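What follows is a short report on a single structure.
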Amino acid sequence: MGSTKFWKTLFSVDRRVLYLILIVLVCWQVLKPIDAKNIVLPASADLYNYLSNLKKGDVVLIESDWTTSTQGESKGQFKALMRLLMRKGVHFVITSIDPQAPVIAGLVVEEVVKEEGIPYRQGVDWAMGGYFPNAENHVTSMVNNIRRELTPKGIMNAPFLQKINDLSELQGVILVTASSSINLWYERIRNKAPLMLMCTAVMAGENFPYYTSRQLEGLVIGAKGAYDFETLLAQEFPDPKYINFQAGRRYMSPLFFALMLLVVSVVLGNIAMIVLKKRGEA
Amino acid sequence: MLHLTAQAQPDNVFTGEWWRRLGEKDFGWQILSEPAGLFIAAIFTLGLYTLLYRENKFYRIVEHIFVGLAAGFSVVQIIVEVLFPLYYRPMVGRAPTEDLPMIPSYWVWAALLPIGFLAFFVFSTKNAWLSRVPIGIIIGLWAGQQFNAFMGRYLPQLSSMAQPVFPNTWTLAEPNQAIGTLTISQALSNIVLVITFLVVLSYFLYSFEQKSKLVQRSAMTGRWLLMVGFGVIFGTTMMTRFVLFIDRAYFILIDWLKLGPPN
């Protein structure tokens with residue numbers, strides 16, 4: 001079954017060759033993506049449906065803990081979330097436990113406002129709570145006395161926040177995060193408001209149990225979750241004037257090819273190892 | 001596009017006009033024009049990826065610039081977003097103006113500063129014990145929250161393990177089923193969930209020697225299921241890493257070189 005040299009070569013392919021194949025595949029698919037029908041995950045649909053059923057004027061809290069290091073996944077999720085909230089007229093407050101995250105979130109909100117053409121004004125329709133240090137105490141304070149926690153940031157005079165005295169008066173808490181900050185909310189929220197999570201794919205395994213136990217109202221995972229959200233946006237807002245699809249759909253095709261390369265490499269590497277072991281060469 | 005935009009602030013840490021303008025919504029530092037910003041960002045992105053070939057000085061320079069930018073930016077954010085609005089302003093208060101209400105001063109907050117500075121005694125061999133005071137306060141605050149935290153996080157997990165395993169309708173699945181209906185597929189799913197929970201738990205029974213064949217086989221099954229779980233985590237980790245690269249490839253090819261449509 002082939003010469004030993006062939007299997008040895010396959011077993012010890014230089015990593016740079018794999019990188020080159022990956023770069024070629026990804027660049028090809030970024031430029032010429034293949035479109036395929038998306039099957040929306042139930043966890044993504046639950047999150048979308050909950051937010052889609054909110055009324056105009058409802059208020060949600062968004063804890064945005066992502067920065068440029070995970071924007072491939074998080075930015076697509078965040079933009080899709082912003083589109084839905086703005087189209088529904090839902091007010092939102094953004095807070096963060098990462099010093100860089102509030103500025104990035106603010107820039108993305110401005111970007112979506114321009115793209116959507118909806119006059120969503122800071123301080124009137126949405127508010128930026130900004131950065132809070134000491135995540136444990138911040139989350140505890142938000143649950144115990146949201147007004148006291150947010151007042152020093154000067155945002156409680158926003159019209160939609162003036163009536164809010166407790167977290168239970170908000171219609172939901174949504175975390176867009178690439179860190180374990182969600183654990184603090186599992187621990188401290190005490191069922192005061194429905195909790196939702198938009199996380200990176202690497203966090204899916206550890207957070208899915210909280211969705212099955214209903215501690216999470218819905219869960220959006222990685223670029224696939226962003227694509228799910230975009231698909232649901234397109235179903236609810238089919239009018240061509242809306243921009244529904246962006247990074248989520250665009251990144252699916254390159255991601256598929258990259259993952260196929262990974263699977264093929266692992267399978268071939270293992271076959272080569274087994275063959276060489278049988279021949280006493282490994 | 002490399003730029004910094006100030007966030008809306010109700011008040012500011014410095015009194016000069018420049019710093020006051022920083023607090024205005026539409027004011028920002030547009031350091032570079034957009035094409036120049038894109039060019040530098042693209043070159044730096046490529047610089048970071050040169051590591052894939054081998055370690056080199058260009059990669060090191062770019063890496064240090066990124067780290068320096070992030071650290072410097074975080075320092076500014078901590079001053080503007082934390083030290084001023086959450087500590088300094090409540091401590092010194094503010095006289096009322098036409099636009100802003102009065103804030104009463106609480107000078108007792110000043111006592112926190114020397115307590116915080118005690119942490120720097122960690123560098124003193126003679127008085128290092130003083131650094132334990134602020135650390136003790138922080139640990140005490142954290143530890144006091146842990147009982148509630150554990151209850152809030154894990155009790156719902158435990159209660160969700162109590163799942164019905166006998167179907168009460170003999171259909172495989174129902175699209176719009178009534179509350180309380182348990183189909184065959186749901187019952188099977190629950191059985192898998194409960195069995196997985198029990199066999200994985202049995203793997204962690206370290207308090208006594210596992211002599212029983214039943215416990216041994218259960219623990220072995222639990223070990224295999226844990227391996228499946230780790231495989232899932234590895235797969236999803238790769239997904240995240242690949243998407244990071246895809247995002248950068250999109251930035252280089254579409255945003256910078258304009259080789260394709262944006263959506």
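Identifiers for the structure tokens are assigned positionally: chains receive A, B, ... in sequence, residues are indexed from 1 per chain, and ligands are indexed from 1 in the order shown.
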- Would you list the contacts of segment 180-184 of chain B as a PyMOL selection string, taking every protein, DNA or RNA residue within 7 Å and counting only C-alpha atoms, but skipping same-chain residues closer than 2 positions in sequence? chain B and resi 167-173+177-178+186-188
Return as a tab-separated table the residues of chain B lying at most 7 Å from chain A, together with the closest atom-to-atom pair for each and the distance in Å to one decimal, counting only C-alpha atoms, with rows in chain order and ascending residue number.
```
residue	atom	partner	partner_atom	distance
B:Gln7	CA	A:Val103	CA	6.9
B:Pro10	CA	A:Gly154	CA	5.6
B:Leu52	CA	A:Arg16	CA	6.9
B:Tyr53	CA	A:Arg16	CA	6.4
B:Ser74	CA	A:Pro99	CA	5.5
B:Gln77	CA	A:Pro99	CA	5.9
B:Ile78	CA	A:Pro99	CA	6.9
B:Glu81	CA	A:Tyr131	CA	6.0
B:Val82	CA	A:Phe132	CA	6.7
B:Pro85	CA	A:Pro152	CA	5.7
B:Leu86	CA	A:Pro152	CA	6.0
B:Ala149	CA	A:Glu187	CA	4.2
B:Phe150	CA	A:Glu187	CA	6.4
B:Gly152	CA	A:Glu187	CA	4.5
B:Arg153	CA	A:Glu187	CA	4.5
B:Pro156	CA	A:Ser213	CA	6.5
B:Gln157	CA	A:Ser213	CA	5.9
B:Ser160	CA	A:Ser213	CA	5.2
B:Val232	CA	A:Gly205	CA	6.9
B:Ile233	CA	A:Gly205	CA	5.9
B:Thr236	CA	A:Val202	CA	4.7
B:Thr237	CA	A:Val202	CA	4.3
B:Met239	CA	A:Ala201	CA	6.4
B:Thr240	CA	A:Ala201	CA	5.5
B:Phe242	CA	A:Leu255	CA	6.6
B:Val243	CA	A:Gly72	CA	5.6
B:Leu244	CA	A:Gly72	CA	5.1
B:Ile246	CA	A:Val26	CA	6.5
B:Asp247	CA	A:Gly72	CA	4.9
B:Ala249	CA	A:Cys27	CA	6.5
B:Tyr250	CA	A:Val30	CA	6.2
B:Gly260	CA	A:Leu31	CA	5.9
B:Asn263	CA	A:Gln246	CA	5.5
```
- Message: Could you list, as a PyMOL selection string, every residue within 12 Å of segment 50-56 of chain A, counting only C-alpha atoms and ignoring same-chain residues fewer than 3 positions away?
- Response: chain A and resi 43-47+59-61+80-92+125+160+170-174+194-196+216-219+229+232-233+235-237
- Please run DSSP on the backbone and report, as a count of residues only, all residues within segment 97-213 of chain B that come out as alpha helix (DSSP H). 55
- Item | Nearby residues (only C-alpha atoms) at most 7 Å from Trp256 of chain B, same-chain spacing under 4 positions excluded, as a list in words |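 That gives Leu38, Phe251 and Ile252 of chain B.
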- Message: Using DSSP secondary structure from the backbone, list all strand (DSSP E) positions within segment 34-280 of chain A, as an MDAnalysis selection string.
- Response: chainID A and resid 59:65 91:96 126:131 173:177 195:199 218:221
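Candidate residues B:Tyr49, B:Pro35, B:Leu100, B:Tyr88 were compared for distance to Asn157 of chain A, and the nearest is B:Leu100, using only C-alpha atoms.
Our summary of the geometry notes that atom CA of Leu130 of chain B is positioned 11.1 Å from atom CA of Pro114 of chain B.
With atom CA of Ile79 of chain B on one side and atom CA of Asn144 of chain A on the other, the separation reads 25.5 Å.
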- Task: Tell me which of B:Ile135, B:Leu257, B:Ile195, B:Ala110 sits closest to Val122 of chain B, counting only C-alpha atoms.
- Result: B:Ile135
- Message: Can you tell me which residues surround Arg148 of chain A at a distance of at most 9 Å, considering only C-alpha atoms, apart from same-chain residues fewer than 6 positions away, and format the answer as a list of chain:residue names?
- Response: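 Everything that qualifies: A:Ser141, A:Met142, A:Asn165.
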- Query: Quick one: distance from atom CA of Arg248 of chain B to atom CA of Leu46 of chain B in Å, one decimal?
  - Reply: 9.1 Å
- What lies within 12 Å of Ser12 of chain A using only C-alpha atoms, ignoring chain neighbours under 2 positions off, as JSON, numbers by chain? {"A": [5, 6, 7, 8, 9, 10, 14, 15, 16, 17, 18, 265, 266, 268, 269, 270, 272, 273, 276, 282]}
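Using only C-alpha atoms, the protein and nucleic acid residues lying no more than 9 Å from Ala135 of chain A, apart from those fewer than 6 places from it along its own chain, are A:Ser96, A:Ile97, A:Ser181, A:Leu184.
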